[in-house]
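Trainee: Shown below is the structure under consideration.
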Amino acid sequence: MGPTNGSSEGQLHGNNEEQPDIFMPYQKLYIYHTKFCFLIVGYCRVRKRYALLEIVRQDGQDLQARERVCSCNLGEINTILRQAHVDTQDVGGLQFVTKAYGIIGCIRFTSGFYLLIVTRKAHMGSIRGHKVYRVDGVALLPLGAAAGVSQQQDTPEERRYRKLLMGVDLTKGFYFSFTYHLAATLQYNYQAGLAGAYAAAAASTSSQKQGQFSSSGPGPGFASSAFSSADFDSMFVWNSFLTRALRGALNSNLWVVALVHGFWDQRQLSVFGRPMTLTVLARRSR
């Protein structure tokens, strides 16, 4: 377990069982910091694997972020956290900050960068088995050398821009899914899912011919959740610009969630005795 200064909130618990190689954004984030950097542990519940993101604390114009570990188990990630605590113990050690469910953006105004994260989510319903969530709580974490927002040497412009950003109520009408591309149409997602199923079936057939058997791969209608840059450039992805710096630094989209802004409602109906689910999703463009 990682060091948490006696707090059980920062301790990592999980299953070390190996799972098929399925790629999707990390559903849980555990955020720590030292005097020199932020360490963010990402957990994918489908793959049952952990990853570690490091962001250097500095006030420069360039974001210094890298994925230190892209796939490891619980024991390995806790070993890394313990070592980070030992290495920085003389300057405060490793401290647990918060748990999050996704990164909305990593942005800079006039000085250092900030990390905008989802701290609470609400399950609103499902589309073809893919859960859809509403943002219910957010937090803004300064990534500069100062320990917190109150200790930053702000300019009036910096305070004004920060106030403008946090003036947007992200708990009203912002939705996301870890496994479904809400910014795309149902038809596009269904076709993409079929293409993935056909590819998996072809790979399985090829493996069986070689005496190997594989049960992994998406089923029919599975919407691929490894969003490409083109997906984030969709006119319906509200936080496309906010995530650009982090996505560019990591060359990966697995650490961020794609938000859509609009309206969601889902009702269970009965039509001539047959159950039916009616889903309404309205999206605002950027």
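Residues are referred to by chain and number: the chain letter is A, B, ... according to the order shown in the structure tokens, the number counts from 1 in that chain, and ligands are numbered separately from 1 in the order shown.
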Quick one: residues within 10 Å of A:Val257, only C-alpha atoms, excluding same-chain residues fewer than 3 positions away - as a PyMOL selection string?
Mentor: chain A and resi 24-27+101-105+117-118+175-178+227+232+237+239-240+243+253-254+260
Trainee: Expressed in Å to a single decimal, how great is the separation between atom CA of A:Gly60 and atom CA of A:Phe38?
Mentor: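 Atom CA of A:Phe38 lies at a distance of 15.3 Å from atom CA of A:Gly60.
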Trainee: I'd like the contact shell of A:Ile40 - 7 Å cut-off, only C-alpha atoms, skipping same-chain residues fewer than 4 positions apart - returned as number ranges by chain.
Mentor: A: 29-32, 52-54
Trainee: Could you write out the selected residues, including all heavy atoms, as a PDB file, in the first residue's frame?
Mentor:
```
ATOM      1  N   LEU A  29      -8.645   7.399 -10.413  1.00  0.00           N
ATOM      2  CA  LEU A  29      -7.344   8.051 -10.294  1.00  0.00           C
ATOM      3  C   LEU A  29      -7.067   8.343  -8.828  1.00  0.00           C
ATOM      4  O   LEU A  29      -7.943   8.838  -8.109  1.00  0.00           O
ATOM      5  CB  LEU A  29      -7.322   9.358 -11.092  1.00  0.00           C
ATOM      6  CG  LEU A  29      -7.644   9.286 -12.588  1.00  0.00           C
ATOM      7  CD1 LEU A  29      -7.669  10.686 -13.190  1.00  0.00           C
ATOM      8  CD2 LEU A  29      -6.652   8.411 -13.326  1.00  0.00           C
ATOM      9  N   TYR A  30      -5.862   8.025  -8.390  1.00  0.00           N
ATOM     10  CA  TYR A  30      -5.419   8.330  -7.035  1.00  0.00           C
ATOM     11  C   TYR A  30      -4.268   9.322  -7.153  1.00  0.00           C
ATOM     12  O   TYR A  30      -3.221   8.988  -7.724  1.00  0.00           O
ATOM     13  CB  TYR A  30      -4.968   7.058  -6.310  1.00  0.00           C
ATOM     14  CG  TYR A  30      -6.052   6.002  -6.211  1.00  0.00           C
ATOM     15  CD1 TYR A  30      -6.229   5.069  -7.229  1.00  0.00           C
ATOM     16  CD2 TYR A  30      -6.901   5.959  -5.112  1.00  0.00           C
ATOM     17  CE1 TYR A  30      -7.222   4.104  -7.153  1.00  0.00           C
ATOM     18  CE2 TYR A  30      -7.902   5.001  -5.021  1.00  0.00           C
ATOM     19  CZ  TYR A  30      -8.056   4.075  -6.047  1.00  0.00           C
ATOM     20  OH  TYR A  30      -9.054   3.120  -5.973  1.00  0.00           O
ATOM     21  N   ILE A  31      -4.461  10.520  -6.657  1.00  0.00           N
ATOM     22  CA  ILE A  31      -3.518  11.611  -6.890  1.00  0.00           C
ATOM     23  C   ILE A  31      -2.685  11.861  -5.638  1.00  0.00           C
ATOM     24  O   ILE A  31      -3.227  12.065  -4.539  1.00  0.00           O
ATOM     25  CB  ILE A  31      -4.266  12.887  -7.306  1.00  0.00           C
ATOM     26  CG1 ILE A  31      -5.117  12.612  -8.556  1.00  0.00           C
ATOM     27  CG2 ILE A  31      -3.286  14.022  -7.575  1.00  0.00           C
ATOM     28  CD1 ILE A  31      -5.967  13.783  -8.997  1.00  0.00           C
ATOM     29  N   TYR A  32      -1.367  11.842  -5.812  1.00  0.00           N
ATOM     30  CA  TYR A  32      -0.405  12.118  -4.745  1.00  0.00           C
ATOM     31  C   TYR A  32       0.488  13.280  -5.191  1.00  0.00           C
ATOM     32  O   TYR A  32       0.553  13.600  -6.384  1.00  0.00           O
ATOM     33  CB  TYR A  32       0.477  10.898  -4.471  1.00  0.00           C
ATOM     34  CG  TYR A  32      -0.252   9.641  -4.068  1.00  0.00           C
ATOM     35  CD1 TYR A  32      -0.842   8.811  -5.031  1.00  0.00           C
ATOM     36  CD2 TYR A  32      -0.332   9.254  -2.734  1.00  0.00           C
ATOM     37  CE1 TYR A  32      -1.497   7.645  -4.668  1.00  0.00           C
ATOM     38  CE2 TYR A  32      -0.982   8.081  -2.364  1.00  0.00           C
ATOM     39  CZ  TYR A  32      -1.570   7.287  -3.334  1.00  0.00           C
ATOM     40  OH  TYR A  32      -2.222   6.124  -2.973  1.00  0.00           O
ATOM     41  N   LEU A  52       1.042   4.730 -13.971  1.00  0.00           N
ATOM     42  CA  LEU A  52       1.516   5.853 -13.160  1.00  0.00           C
ATOM     43  C   LEU A  52       1.916   7.019 -14.045  1.00  0.00           C
ATOM     44  O   LEU A  52       2.748   6.876 -14.941  1.00  0.00           O
ATOM     45  CB  LEU A  52       2.712   5.429 -12.304  1.00  0.00           C
ATOM     46  CG  LEU A  52       3.247   6.492 -11.335  1.00  0.00           C
ATOM     47  CD1 LEU A  52       2.191   6.830 -10.280  1.00  0.00           C
ATOM     48  CD2 LEU A  52       4.525   6.015 -10.661  1.00  0.00           C
ATOM     49  N   LEU A  53       1.295   8.163 -13.781  1.00  0.00           N
ATOM     50  CA  LEU A  53       1.577   9.398 -14.504  1.00  0.00           C
ATOM     51  C   LEU A  53       2.333  10.354 -13.592  1.00  0.00           C
ATOM     52  O   LEU A  53       1.951  10.540 -12.432  1.00  0.00           O
ATOM     53  CB  LEU A  53       0.264  10.043 -14.972  1.00  0.00           C
ATOM     54  CG  LEU A  53       0.327  11.457 -15.547  1.00  0.00           C
ATOM     55  CD1 LEU A  53       1.147  11.484 -16.833  1.00  0.00           C
ATOM     56  CD2 LEU A  53      -1.085  11.983 -15.806  1.00  0.00           C
ATOM     57  N   GLU A  54       3.391  10.963 -14.104  1.00  0.00           N
ATOM     58  CA  GLU A  54       4.174  11.932 -13.337  1.00  0.00           C
ATOM     59  C   GLU A  54       4.109  13.294 -14.013  1.00  0.00           C
ATOM     60  O   GLU A  54       4.355  13.410 -15.215  1.00  0.00           O
ATOM     61  CB  GLU A  54       5.636  11.489 -13.237  1.00  0.00           C
ATOM     62  CG  GLU A  54       6.522  12.492 -12.506  1.00  0.00           C
ATOM     63  CD  GLU A  54       7.986  12.086 -12.490  1.00  0.00           C
ATOM     64  OE1 GLU A  54       8.267  10.874 -12.462  1.00  0.00           O
ATOM     65  OE2 GLU A  54       8.847  12.983 -12.514  1.00  0.00           O
TER      66      GLU A  54
END
```
Trainee: Apply DSSP to the structure's backbone, then extract all residues of stretch 17-133 of chain A labelled strand (DSSP E or B) and return them as a PyMOL selection string.
Mentor: chain A and resi 28-33+37-44+49-56+65-72+95-100+102-108+113-127+130-133
Trainee: Compile the contact shell of A:Gly125 as a list in words: residues with an atom at most 12 Å away, counting only C-alpha atoms, same-chain residues fewer than 5 positions apart removed.
Mentor: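 In the requested format, the answer is His130, Lys131, Val132, Tyr133, Arg134, Tyr175, Phe176, Ser177, Trp264, Asp265, Gln266, Arg267, Gln268, Thr277, Leu278, Thr279, Val280 and Leu281 of chain A.
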Trainee: Next, the residues of the selection above should be written as an mmCIF file, in the first residue's frame with N, CA and C atoms.
Mentor:
```cif
data_model
loop_
_atom_site.group_PDB
_atom_site.id
_atom_site.type_symbol
_atom_site.label_atom_id
_atom_site.label_comp_id
_atom_site.auth_asym_id
_atom_site.auth_seq_id
_atom_site.Cartn_x
_atom_site.Cartn_y
_atom_site.Cartn_z
ATOM 1 N N HIS A 130 -23.438 0.331 -22.025
ATOM 2 C CA HIS A 130 -22.345 1.224 -21.661
ATOM 3 C C HIS A 130 -22.872 2.301 -20.712
ATOM 4 N N LYS A 131 -22.298 2.374 -19.525
ATOM 5 C CA LYS A 131 -22.780 3.306 -18.516
ATOM 6 C C LYS A 131 -22.440 4.750 -18.879
ATOM 7 N N VAL A 132 -23.389 5.636 -18.617
ATOM 8 C CA VAL A 132 -23.224 7.071 -18.848
ATOM 9 C C VAL A 132 -23.307 7.782 -17.496
ATOM 10 N N TYR A 133 -22.379 8.710 -17.269
ATOM 11 C CA TYR A 133 -22.305 9.410 -15.991
ATOM 12 C C TYR A 133 -22.469 10.916 -16.177
ATOM 13 N N ARG A 134 -22.950 11.563 -15.130
ATOM 14 C CA ARG A 134 -22.985 13.023 -15.071
ATOM 15 C C ARG A 134 -21.912 13.488 -14.092
ATOM 16 N N TYR A 175 -21.737 15.347 -19.298
ATOM 17 C CA TYR A 175 -21.832 13.892 -19.254
ATOM 18 C C TYR A 175 -20.599 13.255 -19.889
ATOM 19 N N PHE A 176 -20.326 12.014 -19.460
ATOM 20 C CA PHE A 176 -19.219 11.269 -20.044
ATOM 21 C C PHE A 176 -19.454 9.779 -19.855
ATOM 22 N N SER A 177 -18.711 8.990 -20.600
ATOM 23 C CA SER A 177 -18.747 7.539 -20.481
ATOM 24 C C SER A 177 -17.337 7.006 -20.695
ATOM 25 N N TRP A 264 -29.648 14.982 -21.001
ATOM 26 C CA TRP A 264 -29.791 13.521 -21.004
ATOM 27 C C TRP A 264 -31.046 13.144 -20.241
ATOM 28 N N ASP A 265 -31.813 12.216 -20.818
ATOM 29 C CA ASP A 265 -32.940 11.628 -20.088
ATOM 30 C C ASP A 265 -33.172 10.232 -20.638
ATOM 31 N N GLN A 266 -33.560 9.335 -19.746
ATOM 32 C CA GLN A 266 -33.800 7.941 -20.142
ATOM 33 C C GLN A 266 -35.003 7.422 -19.377
ATOM 34 N N ARG A 267 -35.950 6.857 -20.122
ATOM 35 C CA ARG A 267 -37.184 6.352 -19.514
ATOM 36 C C ARG A 267 -37.447 4.919 -19.964
ATOM 37 N N GLN A 268 -38.025 4.145 -19.050
ATOM 38 C CA GLN A 268 -38.437 2.781 -19.370
ATOM 39 C C GLN A 268 -39.921 2.812 -19.726
ATOM 40 N N THR A 277 -36.684 0.990 -23.896
ATOM 41 C CA THR A 277 -35.938 2.067 -23.260
ATOM 42 C C THR A 277 -35.826 3.232 -24.235
ATOM 43 N N LEU A 278 -36.301 4.390 -23.804
ATOM 44 C CA LEU A 278 -36.221 5.593 -24.620
ATOM 45 C C LEU A 278 -35.129 6.494 -24.049
ATOM 46 N N THR A 279 -34.144 6.822 -24.875
ATOM 47 C CA THR A 279 -33.021 7.656 -24.442
ATOM 48 C C THR A 279 -32.971 8.908 -25.297
ATOM 49 N N VAL A 280 -32.871 10.060 -24.642
ATOM 50 C CA VAL A 280 -32.730 11.335 -25.338
ATOM 51 C C VAL A 280 -31.390 11.954 -24.921
ATOM 52 N N LEU A 281 -30.533 12.194 -25.891
ATOM 53 C CA LEU A 281 -29.240 12.810 -25.648
ATOM 54 C C LEU A 281 -29.085 14.005 -26.602
#
```
Trainee: Give me the residues within 12 Å of A:Val138 as number ranges by chain, counting only C-alpha atoms and dropping any in the same chain fewer than 6 places off.
Mentor: A: 98-105, 115-121, 165-172, 174
Trainee: I'd like to know which of A:Arg45, A:Arg283, A:Arg108, A:His33 is closest to A:Gln95, using only C-alpha atoms.
Mentor: A:His33
Trainee: Can you measure atom CA of A:Arg128 to atom CA of A:Tyr180 for me? One decimal in Å is fine.
Mentor: 9.1 Å
Trainee: Which one is closest to A:Ile77: A:Ala258, A:Ala282, A:Ala51, A:Val56? Count only C-alpha atoms.
Mentor: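 Closest to A:Ile77, using only C-alpha atoms: A:Ala51.
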Trainee: Counting only C-alpha atoms, which of A:Phe36, A:Glu157, A:Leu164, A:Asn73 gets nearest to A:Gln89?
Mentor: A:Phe36
